[in-house]
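Text of the file run-v5.cif, holding mmCIF, C-alpha atoms:
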data_run
loop_
_atom_site.label_atom_id
_atom_site.label_comp_id
_atom_site.auth_asym_id
_atom_site.auth_seq_id
_atom_site.Cartn_x
_atom_site.Cartn_y
_atom_site.Cartn_z
CA MET A 1341 -30.87 6.73 12.81
CA THR A 1342 -30.45 3.96 10.20
CA VAL A 1343 -27.06 2.63 9.15
CA LYS A 1344 -27.42 4.34 5.80
CA GLY A 1345 -28.44 7.53 7.59
CA ASP A 1346 -25.27 7.35 9.69
CA LEU A 1347 -23.19 6.86 6.55
CA ARG A 1348 -24.92 9.76 4.81
CA GLN A 1349 -24.25 12.02 7.80
CA ARG A 1350 -20.60 10.96 7.94
CA ARG A 1351 -20.20 11.50 4.22
CA ALA A 1352 -21.71 15.00 4.44
CA ALA A 1353 -19.40 15.93 7.31
CA LEU A 1354 -16.34 14.75 5.38
CA GLU A 1355 -17.43 16.61 2.26
CA ASP A 1356 -17.67 19.78 4.35
CA GLU A 1357 -14.17 19.25 5.71
CA TRP A 1358 -12.77 18.46 2.24
CA THR A 1359 -14.38 21.58 0.77
CA ARG A 1360 -13.13 23.66 3.66
CA TRP A 1361 -9.54 22.50 3.73
CA VAL A 1362 -8.31 21.02 0.45
CA PRO A 1363 -8.38 24.25 -1.60
CA GLU A 1364 -6.52 26.06 1.20
CA LEU A 1365 -3.97 23.29 1.57
CA ARG A 1366 -3.45 23.26 -2.18
CA ALA A 1367 -2.62 26.95 -2.13
CA ALA A 1368 -0.59 27.05 1.09
CA ARG A 1369 1.13 23.63 1.06
CA ARG A 1370 0.96 23.43 4.82
CA SER A 1371 -0.16 20.88 7.38
CA LEU A 1372 -3.73 20.94 8.63
CA GLU A 1373 -4.37 22.27 12.10
CA ASP A 1374 -5.16 19.71 14.79
CA GLY A 1375 -8.69 21.01 15.20
CA ALA A 1376 -9.87 19.42 11.96
CA GLU A 1377 -12.31 16.51 12.22
CA VAL A 1378 -10.52 14.41 9.58
CA ARG A 1379 -8.00 11.79 10.71
CA ARG A 1380 -4.44 13.09 10.90
CA GLU A 1381 -3.04 10.33 8.66
CA VAL A 1382 -5.55 11.39 6.02
CA THR A 1383 -4.79 15.11 6.20
CA ASP A 1384 -1.05 14.44 6.19
CA SER A 1385 -1.57 12.41 3.03
CA TRP A 1386 -3.60 15.26 1.51
CA VAL A 1387 -0.69 17.62 2.04
CA ARG A 1388 1.84 15.20 0.53
CA SER A 1389 -0.43 14.33 -2.38
CA LEU A 1390 -1.18 17.90 -3.40
CA HIS A 1391 2.39 18.29 -4.63
CA THR A 1392 1.65 15.93 -7.52
CA VAL A 1393 -2.09 15.27 -7.71
CA ASP A 1394 -4.93 17.52 -8.87
CA PRO A 1395 -8.04 16.91 -6.70
CA GLY A 1396 -10.09 17.32 -9.89
CA LEU A 1397 -8.40 14.37 -11.55
CA GLY A 1398 -10.96 12.19 -13.31
CA SER A 1399 -9.18 8.84 -13.22
CA ALA A 1400 -5.92 7.16 -12.23
CA PRO A 1401 -2.99 7.47 -14.66
CA VAL A 1402 -1.78 4.39 -16.49
CA THR A 1403 1.58 2.84 -15.67
CA ASP A 1404 4.30 2.88 -18.32
CA GLY A 1405 3.07 0.96 -21.35
CA GLY A 1406 -0.26 0.17 -19.68
CA GLN A 1407 0.30 -3.58 -20.21
CA VAL A 1408 0.47 -5.51 -16.96
CA SER A 1409 -0.24 -9.06 -18.12
CA PRO A 1410 3.47 -10.07 -18.19
CA ARG A 1411 4.02 -8.51 -14.76
CA TRP A 1412 1.03 -10.35 -13.31
CA ALA A 1413 2.18 -13.60 -14.90
CA SER A 1414 5.55 -13.31 -13.16
CA SER A 1415 4.24 -11.93 -9.85
CA PRO A 1416 4.64 -14.14 -6.77
CA LEU A 1417 1.06 -13.15 -5.90
CA ARG A 1418 -0.48 -14.61 -9.04
CA ARG A 1419 -0.74 -18.24 -7.91
CA PRO A 1420 -2.10 -17.69 -4.37
CA VAL A 1421 -4.56 -15.04 -5.62
CA SER A 1422 -5.66 -17.24 -8.55
CA ASP A 1423 -6.30 -20.08 -6.11
CA LEU A 1424 -8.64 -17.76 -4.20
CA ALA A 1425 -10.17 -16.16 -7.30
CA GLY A 1426 -13.46 -18.04 -6.96
CA GLU A 1427 -13.88 -17.01 -3.33
CA LEU A 1428 -12.81 -13.43 -4.04
CA ASN A 1429 -15.21 -13.12 -6.94
CA SER A 1430 -18.06 -14.57 -4.90
CA ILE A 1431 -17.43 -12.16 -2.01
CA ALA A 1432 -17.11 -9.17 -4.31
CA ASP A 1433 -20.13 -10.02 -6.46
CA ASP A 1434 -22.45 -10.93 -3.57
CA ALA A 1435 -21.61 -7.84 -1.49
CA GLY A 1436 -21.38 -5.32 -4.35
CA PHE A 1437 -17.62 -4.85 -4.09
CA ILE A 1438 -14.73 -4.97 -6.51
CA ALA A 1439 -11.51 -6.69 -5.45
CA ALA A 1440 -8.09 -5.59 -6.66
CA VAL A 1441 -4.48 -6.68 -6.17
CA THR A 1442 -1.54 -4.33 -6.79
CA ASP A 1443 2.21 -4.70 -7.02
CA GLU A 1444 4.55 -3.14 -4.46
CA ALA A 1445 4.50 0.20 -6.34
CA GLY A 1446 0.69 0.58 -6.29
CA THR A 1447 -0.11 -0.47 -9.88
CA ILE A 1448 -3.21 -2.65 -10.13
CA LEU A 1449 -2.39 -6.07 -11.61
CA TRP A 1450 -5.69 -7.93 -11.19
CA THR A 1451 -9.35 -7.26 -10.38
CA CYS A 1452 -12.59 -9.19 -10.05
CA GLY A 1453 -16.19 -8.40 -9.24
CA GLY A 1454 -19.64 -8.02 -10.70
CA ARG A 1455 -20.18 -6.39 -14.07
CA VAL A 1456 -21.80 -3.25 -12.66
CA MET A 1457 -19.00 -2.58 -10.16
CA ARG A 1458 -16.31 -3.34 -12.74
CA ARG A 1459 -17.79 -0.80 -15.13
CA ARG A 1460 -18.01 1.79 -12.37
CA ALA A 1461 -14.41 1.08 -11.34
CA GLU A 1462 -13.15 1.33 -14.90
CA ARG A 1463 -14.42 4.91 -15.10
CA VAL A 1464 -11.75 5.93 -12.59
CA ASN A 1465 -9.23 3.40 -13.97
CA PHE A 1466 -9.52 1.16 -10.94
CA ALA A 1467 -8.41 -1.58 -13.30
CA PRO A 1468 -5.23 -3.40 -14.34
CA GLY A 1469 -2.59 -0.84 -15.32
CA GLY A 1470 -3.99 1.95 -13.14
CA ARG A 1471 -1.51 3.64 -10.80
CA TRP A 1472 -2.86 4.13 -7.27
CA ASP A 1473 0.28 5.15 -5.39
CA GLU A 1474 0.08 8.41 -3.46
CA GLN A 1475 2.07 10.44 -5.99
CA ALA A 1476 -0.23 9.35 -8.81
CA MET A 1477 -3.70 9.21 -7.23
CA GLY A 1478 -3.39 10.93 -3.88
CA THR A 1479 -4.97 9.75 -0.65
CA ASN A 1480 -6.63 6.35 -0.95
CA ALA A 1481 -6.63 3.08 0.97
CA LEU A 1482 -4.14 1.39 -1.35
CA SER A 1483 -1.57 4.19 -1.13
CA LEU A 1484 -1.84 4.45 2.66
CA ALA A 1485 -1.48 0.68 3.13
CA LEU A 1486 1.63 0.68 0.94
CA ARG A 1487 3.10 3.66 2.77
CA THR A 1488 2.41 2.49 6.34
CA GLY A 1489 2.56 -1.28 5.91
CA ARG A 1490 -0.74 -1.51 7.82
CA PRO A 1491 -4.39 -2.13 6.85
CA SER A 1492 -6.20 1.03 5.82
CA ALA A 1493 -9.78 2.13 5.18
CA ILE A 1494 -10.77 5.34 3.36
CA PHE A 1495 -14.37 6.55 3.18
CA SER A 1496 -15.87 9.03 0.74
CA ALA A 1497 -14.31 12.52 0.97
CA GLU A 1498 -11.28 11.22 2.84
CA HIS A 1499 -10.08 10.53 -0.70
CA LEU A 1500 -8.18 13.53 -2.04
CA VAL A 1501 -9.57 13.13 -5.57
CA ALA A 1502 -13.19 14.28 -5.72
CA ALA A 1503 -14.08 11.63 -8.32
CA LEU A 1504 -13.60 9.01 -5.57
CA HIS A 1505 -15.92 10.60 -3.00
CA GLY A 1506 -18.60 8.08 -3.89
CA TRP A 1507 -16.35 5.19 -2.86
CA ALA A 1508 -15.37 3.35 0.32
CA CYS A 1509 -12.20 1.25 0.24
CA TYR A 1510 -10.70 -1.37 2.54
CA CYS A 1511 -7.14 -2.51 2.03
CA ALA A 1512 -4.34 -4.53 3.61
CA PRO A 1513 -0.72 -5.09 2.52
CA ILE A 1514 0.49 -8.56 1.51
CA HIS A 1515 3.91 -9.51 2.90
CA ASP A 1516 6.29 -12.22 1.76
CA PRO A 1517 7.84 -14.54 4.37
CA SER A 1518 10.70 -12.08 4.97
CA GLY A 1519 8.29 -9.22 5.71
CA ARG A 1520 8.70 -7.39 2.40
CA ILE A 1521 5.50 -5.87 0.96
CA LEU A 1522 4.61 -7.51 -2.37
CA GLY A 1523 1.44 -5.51 -2.96
CA VAL A 1524 -2.00 -4.97 -1.44
CA LEU A 1525 -5.46 -6.52 -1.56
CA ASP A 1526 -8.29 -4.00 -1.75
CA LEU A 1527 -12.07 -4.33 -1.50
CA SER A 1528 -13.90 -1.24 -2.74
CA THR A 1529 -17.57 -0.35 -3.02
CA THR A 1530 -19.92 2.63 -3.10
CA TRP A 1531 -20.11 4.74 0.04
CA ASP A 1532 -23.63 3.55 0.91
CA ARG A 1533 -22.49 -0.09 1.05
CA SER A 1534 -19.66 0.65 3.49
CA HIS A 1535 -19.54 -1.93 6.27
CA PRO A 1536 -17.05 -2.48 9.14
CA LEU A 1537 -16.93 -6.23 8.44
CA ALA A 1538 -15.26 -5.48 5.09
CA MET A 1539 -11.96 -4.80 6.84
CA SER A 1540 -12.01 -8.09 8.73
CA THR A 1541 -12.77 -9.84 5.42
CA VAL A 1542 -9.74 -8.20 3.80
CA ARG A 1543 -7.50 -9.14 6.72
CA SER A 1544 -8.69 -12.75 6.59
CA LEU A 1545 -8.11 -13.00 2.83
CA VAL A 1546 -4.64 -11.49 3.11
CA SER A 1547 -3.80 -13.93 5.90
CA THR A 1548 -4.80 -16.79 3.61
CA ILE A 1549 -2.69 -15.40 0.75
CA GLU A 1550 0.33 -14.99 3.03
CA THR A 1551 -0.09 -18.55 4.32
CA ARG A 1552 -0.04 -19.82 0.73
CA LEU A 1553 3.01 -17.67 0.01
CA ARG A 1554 4.88 -19.23 2.92
CA ALA A 1555 4.14 -22.64 1.42
CA GLU A 1556 5.02 -21.71 -2.16
CA LEU A 1557 7.77 -19.08 -2.05
CA PRO A 1558 11.38 -20.00 -1.22
CA ARG A 1559 11.76 -19.63 2.51
CA PRO A 1560 14.34 -17.15 3.79
CA GLU A 1561 16.27 -19.86 5.62
CA ARG A 1562 16.80 -21.95 2.50
CA ARG A 1563 20.19 -21.57 0.84
CA GLY A 1564 21.03 -21.89 -2.81
CA PRO A 1565 19.92 -20.35 -6.12
CA ASP A 1566 16.21 -20.47 -5.25
CA GLY A 1567 16.48 -19.09 -1.70
CA SER A 1568 16.76 -15.60 -0.29
CA GLY A 1569 18.58 -15.26 3.03
CA VAL A 1570 19.46 -11.58 3.28
CA ARG A 1571 17.29 -8.52 2.75
CA LEU A 1572 19.27 -5.26 2.55
CA THR A 1573 17.75 -1.79 2.54
CA CYS A 1574 20.41 0.84 1.91
CA LEU A 1575 18.70 3.70 0.04
CA GLY A 1576 17.95 6.56 2.41
CA THR A 1577 18.36 4.25 5.40
CA GLU A 1578 20.49 1.35 6.65
CA GLU A 1579 18.79 -1.93 7.54
CA ALA A 1580 19.64 -5.58 7.01
CA ALA A 1581 17.84 -8.79 7.93
CA LEU A 1582 18.74 -12.48 7.77
CA ASP A 1583 15.95 -15.07 7.70
CA GLY A 1584 13.52 -12.29 8.60
CA LEU A 1585 15.47 -11.28 11.70
CA ARG A 1586 17.11 -7.87 11.83
CA LEU A 1587 20.89 -7.83 11.84
CA ARG A 1588 22.67 -5.41 14.15
CA LEU A 1589 25.69 -4.44 12.07
CA ARG A 1590 28.22 -1.70 12.62
CA PRO A 1591 28.47 0.97 9.88
CA ARG A 1592 31.60 -0.60 8.39
CA GLN A 1593 29.93 -4.01 8.17
CA MET A 1594 26.90 -2.41 6.45
CA GLU A 1595 29.29 -0.89 3.93
CA ILE A 1596 30.89 -4.27 3.24
CA LEU A 1597 27.50 -5.97 2.89
CA THR A 1598 26.28 -3.25 0.50
CA LEU A 1599 29.37 -3.45 -1.68
CA LEU A 1600 29.12 -7.25 -1.90
CA ALA A 1601 25.40 -7.02 -2.71
CA LEU A 1602 26.07 -4.58 -5.55
CA GLU A 1603 28.92 -6.67 -6.98
CA PRO A 1604 27.82 -10.33 -6.77
CA GLU A 1605 31.06 -11.50 -8.39
CA GLY A 1606 32.88 -10.27 -5.31
CA TYR A 1607 36.09 -8.38 -4.55
CA PRO A 1608 39.75 -9.33 -4.28
CA PRO A 1609 40.77 -8.44 -0.70
CA GLU A 1610 42.92 -5.46 -1.74
CA ARG A 1611 40.19 -3.93 -3.88
CA LEU A 1612 37.58 -4.28 -1.14
CA ARG A 1613 39.98 -2.71 1.33
CA ASP A 1614 40.48 0.26 -1.03
CA ALA A 1615 36.71 0.60 -1.52
CA LEU A 1616 36.28 0.85 2.26
CA TYR A 1617 39.24 2.95 3.34
CA GLY A 1618 40.77 4.59 0.27
CA GLU A 1619 44.09 6.20 1.20
CA ARG A 1620 43.53 5.91 4.95
CA PRO A 1621 46.25 3.91 6.75
CA VAL A 1622 44.39 0.89 8.11
CA THR A 1623 46.07 -2.34 9.15
CA ALA A 1624 45.25 -5.62 7.42
CA SER A 1625 44.11 -7.10 10.73
CA THR A 1626 41.55 -4.31 11.25
CA PHE A 1627 40.15 -4.83 7.75
CA LYS A 1628 40.00 -8.62 8.13
CA ALA A 1629 38.32 -8.28 11.53
CA GLU A 1630 35.45 -6.26 9.98
CA VAL A 1631 34.94 -8.92 7.29
CA SER A 1632 35.05 -11.65 9.94
CA HIS A 1633 32.38 -9.90 12.04
CA LEU A 1634 30.11 -9.72 8.99
CA ARG A 1635 30.79 -13.37 8.11
CA ARG A 1636 29.78 -14.46 11.63
CA ALA A 1637 26.61 -12.32 11.49
CA LEU A 1638 25.67 -14.02 8.21
CA GLY A 1639 26.33 -17.50 9.50
CA GLY A 1640 29.55 -17.89 7.56
CA GLN A 1641 28.04 -16.88 4.19
CA VAL A 1642 31.01 -14.79 2.96
CA ALA A 1643 33.67 -16.46 0.80
CA THR A 1644 37.26 -16.16 2.04
CA ARG A 1645 39.71 -15.95 -0.88
CA ARG A 1646 37.65 -13.60 -3.02
CA TYR A 1647 35.19 -11.78 -0.78
CA ALA A 1648 31.68 -12.51 -2.05
CA LEU A 1649 28.31 -13.44 -0.56
CA THR A 1650 27.51 -17.13 -0.75
CA THR A 1651 23.86 -16.63 0.23
CA PRO A 1652 21.27 -14.90 -1.98
CA VAL A 1653 20.65 -11.26 -1.11
CA SER A 1654 17.88 -8.89 -2.16
CA CYS A 1655 18.96 -5.25 -2.15
CA ASP A 1656 16.87 -2.17 -2.94
CA ALA A 1657 19.79 -0.44 -4.69
CA ALA A 1658 20.30 -3.46 -6.94
CA GLU A 1659 16.56 -3.48 -7.66
CA VAL A 1660 16.74 0.16 -8.78
CA LEU A 1661 19.58 -0.65 -11.18
CA ARG A 1662 17.70 -3.69 -12.48
CA ALA A 1663 14.57 -1.61 -13.11
CA LEU A 1664 16.59 1.01 -14.98
CA ALA A 1665 18.23 -1.70 -17.10
CA GLU A 1666 14.74 -2.93 -18.03
CA GLY A 1667 13.57 0.58 -18.91
CA ASP A 1668 11.17 0.65 -15.94
CA THR A 1669 11.67 4.23 -14.74
CA ALA A 1670 8.52 4.17 -12.59
CA GLY A 1671 9.72 1.02 -10.83
CA ALA A 1672 13.14 2.55 -10.22
CA LEU A 1673 11.63 5.74 -8.77
CA SER A 1674 9.31 3.79 -6.49
CA ARG A 1675 12.34 2.01 -4.98
CA TYR A 1676 14.76 4.94 -4.95
CA ARG A 1677 14.02 6.40 -1.52
CA GLY A 1678 17.23 8.34 -1.02
CA PRO A 1679 21.02 8.23 -1.40
CA LEU A 1680 22.95 5.02 -0.84
CA LEU A 1681 24.05 4.67 2.83
CA PRO A 1682 23.72 8.43 3.27
CA HIS A 1683 26.14 8.64 6.22
CA SER A 1684 28.95 6.63 4.63
CA GLU A 1685 32.16 8.21 3.34
CA ALA A 1686 33.73 4.96 2.10
CA PRO A 1687 35.09 5.60 -1.42
CA GLY A 1688 33.37 2.55 -2.89
CA ILE A 1689 30.01 3.56 -1.41
CA VAL A 1690 30.42 7.16 -2.56
CA ALA A 1691 31.11 5.94 -6.11
CA TRP A 1692 28.04 3.70 -6.15
CA ARG A 1693 25.95 6.49 -4.59
CA GLU A 1694 26.90 8.89 -7.38
CA HIS A 1695 26.30 6.20 -10.00
CA LEU A 1696 22.77 5.58 -8.72
CA GLU A 1697 21.93 9.27 -8.46
CA VAL A 1698 23.14 9.99 -12.00
CA ALA A 1699 21.43 6.92 -13.46
CA VAL A 1700 18.04 7.71 -11.90
CA ARG A 1701 18.28 11.41 -12.83
CA GLU A 1702 19.20 10.65 -16.44
CA ALA A 1703 16.33 8.19 -16.73
CA VAL A 1704 13.95 10.92 -15.57
CA LEU A 1705 15.40 13.47 -17.99
CA THR A 1706 14.99 11.10 -20.94
CA SER A 1707 11.43 10.09 -19.98
CA ALA A 1708 8.43 11.75 -21.62
CA CYS A 1709 6.25 10.85 -18.63
CA PRO A 1710 5.53 13.96 -16.52
CA GLU A 1711 4.90 11.86 -13.38
CA HIS A 1712 8.56 10.85 -13.41
CA ALA A 1713 9.82 14.44 -13.46
CA LEU A 1714 7.30 15.57 -10.84
CA SER A 1715 8.11 12.67 -8.54
CA TYR A 1716 11.86 13.13 -8.79
CA GLY A 1717 11.49 16.92 -8.56
CA GLU A 1718 9.88 16.57 -5.15
CA ARG A 1719 13.09 14.95 -3.90
CA ALA A 1720 15.35 17.38 -5.77
CA PRO A 1721 13.91 20.84 -5.06
CA TYR A 1722 17.08 22.65 -6.21
CA ASP A 1723 17.49 20.79 -9.51
CA ALA A 1724 16.36 23.42 -12.03
CA GLU A 1725 16.95 21.11 -15.01
CA ILE A 1726 14.48 18.56 -13.67
CA HIS A 1727 11.79 21.22 -13.18
CA GLU A 1728 12.41 22.62 -16.64
CA HIS A 1729 12.03 19.12 -18.05
CA ALA A 1730 8.75 18.68 -16.15
CA LEU A 1731 7.40 21.86 -17.77
CA ARG A 1732 8.42 20.58 -21.21
CA VAL A 1733 6.63 17.26 -20.90
CA LEU A 1734 3.53 18.48 -19.05
CA ASP A 1735 0.52 19.25 -21.22
CA PRO A 1736 -0.12 23.04 -21.46
CA SER A 1737 -3.49 22.54 -19.78
CA ASP A 1738 -2.16 20.37 -16.93
CA VAL A 1739 -2.71 22.14 -13.62
CA ARG A 1740 0.46 20.53 -12.25
CA ARG A 1741 2.48 22.96 -14.34
CA ALA A 1742 2.05 25.34 -11.42
CA ILE A 1743 3.89 22.87 -9.17
CA ALA A 1744 6.80 22.55 -11.60
CA ALA A 1745 6.94 26.31 -12.20
CA GLY A 1746 6.99 27.04 -8.49
CA ARG A 1747 9.80 24.54 -7.92
CA LEU A 1748 11.78 26.02 -10.80
CA THR A 1749 11.41 29.52 -9.39
CA MET A 1750 12.70 28.38 -6.00
CA ALA A 1751 15.60 26.46 -7.58
CA LEU A 1752 16.69 29.45 -9.66
CA ARG A 1753 16.34 31.80 -6.70
CA ASP A 1754 18.72 29.69 -4.62
#

Have the structure of the file written as structure tokens, please.
Amino acid sequence: MTVKGDLRQRRAALEDEWTRWVPELRAARRSLEDGAEVRREVTDSWVRSLHTVDPGLGSAPVTDGGQVSPRWASSPLRRPVSDLAGELNSIADDAGFIAAVTDEAGTILWTCGGRVMRRRAERVNFAPGGRWDEQAMGTNALSLALRTGRPSAIFSAEHLVAALHGWACYCAPIHDPSGRILGVLDLSTTWDRSHPLAMSTVRSLVSTIETRLRAELPRPERRGPDGSGVRLTCLGTEEAALDGLRLRLRPRQMEILTLLALEPEGYPPERLRDALYGERPVTASTFKAEVSHLRRALGGQVATRRYALTTPVSCDAAEVLRALAEGDTAGALSRYRGPLLPHSEAPGIVAWREHLEVAVREAVLTSACPEHALSYGERAPYDAEIHEHALRVLDPSDVRRAIAAGRLTMALRD
């Protein structure tokens, strides 16, 4: 059998599986049985996606405002990608592909390719401003690469949205020197042009971009206003890294680090002690010992008289607050992965946790974008007000009204 014959046979088999399973999954909201011939990571994504995405969707939704030029201009990926633009365009045009780069939330910031492929891509909004995260566009190579942090390929009816069944996509995440995902590079084409070498091409291009990033971005080990030594993840989980190496901190030290990251001006010793212990009787030596352990872990980068970090720190909770301050509700929701240090009972952490939860929820309730209410509603199944808001902002003909109505029924029942 020819290569194209093999592809046609594979596409037909996937179409059969999609037709067999997706309508049932949409109705039952359950995981697919192991006997299915589709990859498990794909079917798991189908199940997740069906909470927010209609398989009959014609094109990707547009991010808030639809204008991405300022975001691309300020993106750390712009320079290394622009340096490779000639090579990317040549590869895409010669092979019948379209190349795209997204931000960390899955919004396309830049594309290149031949005129025919660009026109075809624009029909499904595979263009700057299009949202291709899982909650917006379901199962696709970009959303899986962002979710897993690994290269991903999706062929034909592995896509949840039927309008994409004529496509094959190859994608890899782009990491900064500290390991944080900045976005993804994707090469997409029609199903009949699918080729296994496309993935190795994507990997090679991403490796080149990451090499240029290491040369151009401030390195984690550099100190000062243009460096970034600490990366703190404290929403829904508890992780910290220094110079790209994971820090093994005790819960109390994670609490101190989080509080200092959220208040860059720092704390007087007594106020920090109250934020950690409240009314609990704790000796001054115990409190100072915890701060000293953190200072040693950070290589001495904690000031002594007024406790504050003396090394730059990037923190997901601070990024959520910054996005909200800029009116970027979609950006805040993409970063808000759960409550702040969910196991902590420190009074200062509890106060910040409540502040974040209220701020994100209020931003959703004041947004006219239905994707915001649907996304937040998935995390807050018992919040009737959120589901009622989703029903208000959803178009009467939008099939996702059924999702919001079902969530509201469950919330009111409980």

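The residue that comes closest to A:Gly1688, out of A:Arg1747, A:Tyr1722, A:Leu1612, A:Val1631 and on the basis of only C-alpha atoms, is A:Leu1612.
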
The PyMOL selection byres ((chain A and resi 1572) around 12) resolved against shown file, as a PDB file with C-alpha atoms, in the coordinates of the input:
ATOM      1  CA  SER A1518      10.700 -12.080   4.970  1.00  0.00           C
ATOM      2  CA  ARG A1520       8.700  -7.390   2.400  1.00  0.00           C
ATOM      3  CA  SER A1568      16.760 -15.600  -0.290  1.00  0.00           C
ATOM      4  CA  GLY A1569      18.580 -15.260   3.030  1.00  0.00           C
ATOM      5  CA  VAL A1570      19.460 -11.580   3.280  1.00  0.00           C
ATOM      6  CA  ARG A1571      17.290  -8.520   2.750  1.00  0.00           C
ATOM      7  CA  THR A1573      17.750  -1.790   2.540  1.00  0.00           C
ATOM      8  CA  CYS A1574      20.410   0.840   1.910  1.00  0.00           C
ATOM      9  CA  LEU A1575      18.700   3.700   0.040  1.00  0.00           C
ATOM     10  CA  GLY A1576      17.950   6.560   2.410  1.00  0.00           C
ATOM     11  CA  THR A1577      18.360   4.250   5.400  1.00  0.00           C
ATOM     12  CA  GLU A1578      20.490   1.350   6.650  1.00  0.00           C
ATOM     13  CA  GLU A1579      18.790  -1.930   7.540  1.00  0.00           C
ATOM     14  CA  ALA A1580      19.640  -5.580   7.010  1.00  0.00           C
ATOM     15  CA  ALA A1581      17.840  -8.790   7.930  1.00  0.00           C
ATOM     16  CA  LEU A1582      18.740 -12.480   7.770  1.00  0.00           C
ATOM     17  CA  ASP A1583      15.950 -15.070   7.700  1.00  0.00           C
ATOM     18  CA  GLY A1584      13.520 -12.290   8.600  1.00  0.00           C
ATOM     19  CA  LEU A1585      15.470 -11.280  11.700  1.00  0.00           C
ATOM     20  CA  ARG A1586      17.110  -7.870  11.830  1.00  0.00           C
ATOM     21  CA  LEU A1587      20.890  -7.830  11.840  1.00  0.00           C
ATOM     22  CA  LEU A1589      25.690  -4.440  12.070  1.00  0.00           C
ATOM     23  CA  MET A1594      26.900  -2.410   6.450  1.00  0.00           C
ATOM     24  CA  GLU A1595      29.290  -0.890   3.930  1.00  0.00           C
ATOM     25  CA  ILE A1596      30.890  -4.270   3.240  1.00  0.00           C
ATOM     26  CA  LEU A1597      27.500  -5.970   2.890  1.00  0.00           C
ATOM     27  CA  THR A1598      26.280  -3.250   0.500  1.00  0.00           C
ATOM     28  CA  LEU A1599      29.370  -3.450  -1.680  1.00  0.00           C
ATOM     29  CA  LEU A1600      29.120  -7.250  -1.900  1.00  0.00           C
ATOM     30  CA  ALA A1601      25.400  -7.020  -2.710  1.00  0.00           C
ATOM     31  CA  LEU A1602      26.070  -4.580  -5.550  1.00  0.00           C
ATOM     32  CA  PRO A1652      21.270 -14.900  -1.980  1.00  0.00           C
ATOM     33  CA  VAL A1653      20.650 -11.260  -1.110  1.00  0.00           C
ATOM     34  CA  SER A1654      17.880  -8.890  -2.160  1.00  0.00           C
ATOM     35  CA  CYS A1655      18.960  -5.250  -2.150  1.00  0.00           C
ATOM     36  CA  ASP A1656      16.870  -2.170  -2.940  1.00  0.00           C
ATOM     37  CA  ALA A1657      19.790  -0.440  -4.690  1.00  0.00           C
ATOM     38  CA  ALA A1658      20.300  -3.460  -6.940  1.00  0.00           C
ATOM     39  CA  GLU A1659      16.560  -3.480  -7.660  1.00  0.00           C
ATOM     40  CA  LEU A1680      22.950   5.020  -0.840  1.00  0.00           C
ATOM     41  CA  LEU A1681      24.050   4.670   2.830  1.00  0.00           C
TER      42      LEU A1681
END

| remark: Pairwise distance, atom CA of A:Arg1701 with atom CA of A:Leu1673, equals 9.6 Å

| Straight-line distance linking atom CA of A:Val1378 with atom CA of A:Ser1674, stated in Å to one decimal |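 Separating atom CA of A:Val1378 from atom CA of A:Ser1674 is a distance of 27.6 Å.
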
| message | I'd like to see the residues matched by the PyMOL selection byres ((chain A and resi 1487) around 12) on this file, and ideally I'd get them as an MDAnalysis selection string. | response | chainID A and resid 1381 1385 1388 1444:1446 1472:1475 1478:1486 1488:1492 1511:1513 1521 1523:1524 1674

| Shell around A:Trp1386 at 12 Å using all atoms listed in the file, local window under 5 positions removed, as a PyMOL selection string | chain A and resi 1358+1361-1366+1369-1372+1378-1381+1391-1395+1474-1475+1477-1480+1483-1484+1497-1501

| message | Which residues are close to A:Leu1616, i.e. within 9 Å by all atoms listed in the file, leaving aside same-chain residues fewer than 5 positions away? Reply as a PyMOL selection string. | response | chain A and resi 1592+1595-1596+1611+1627+1685-1689
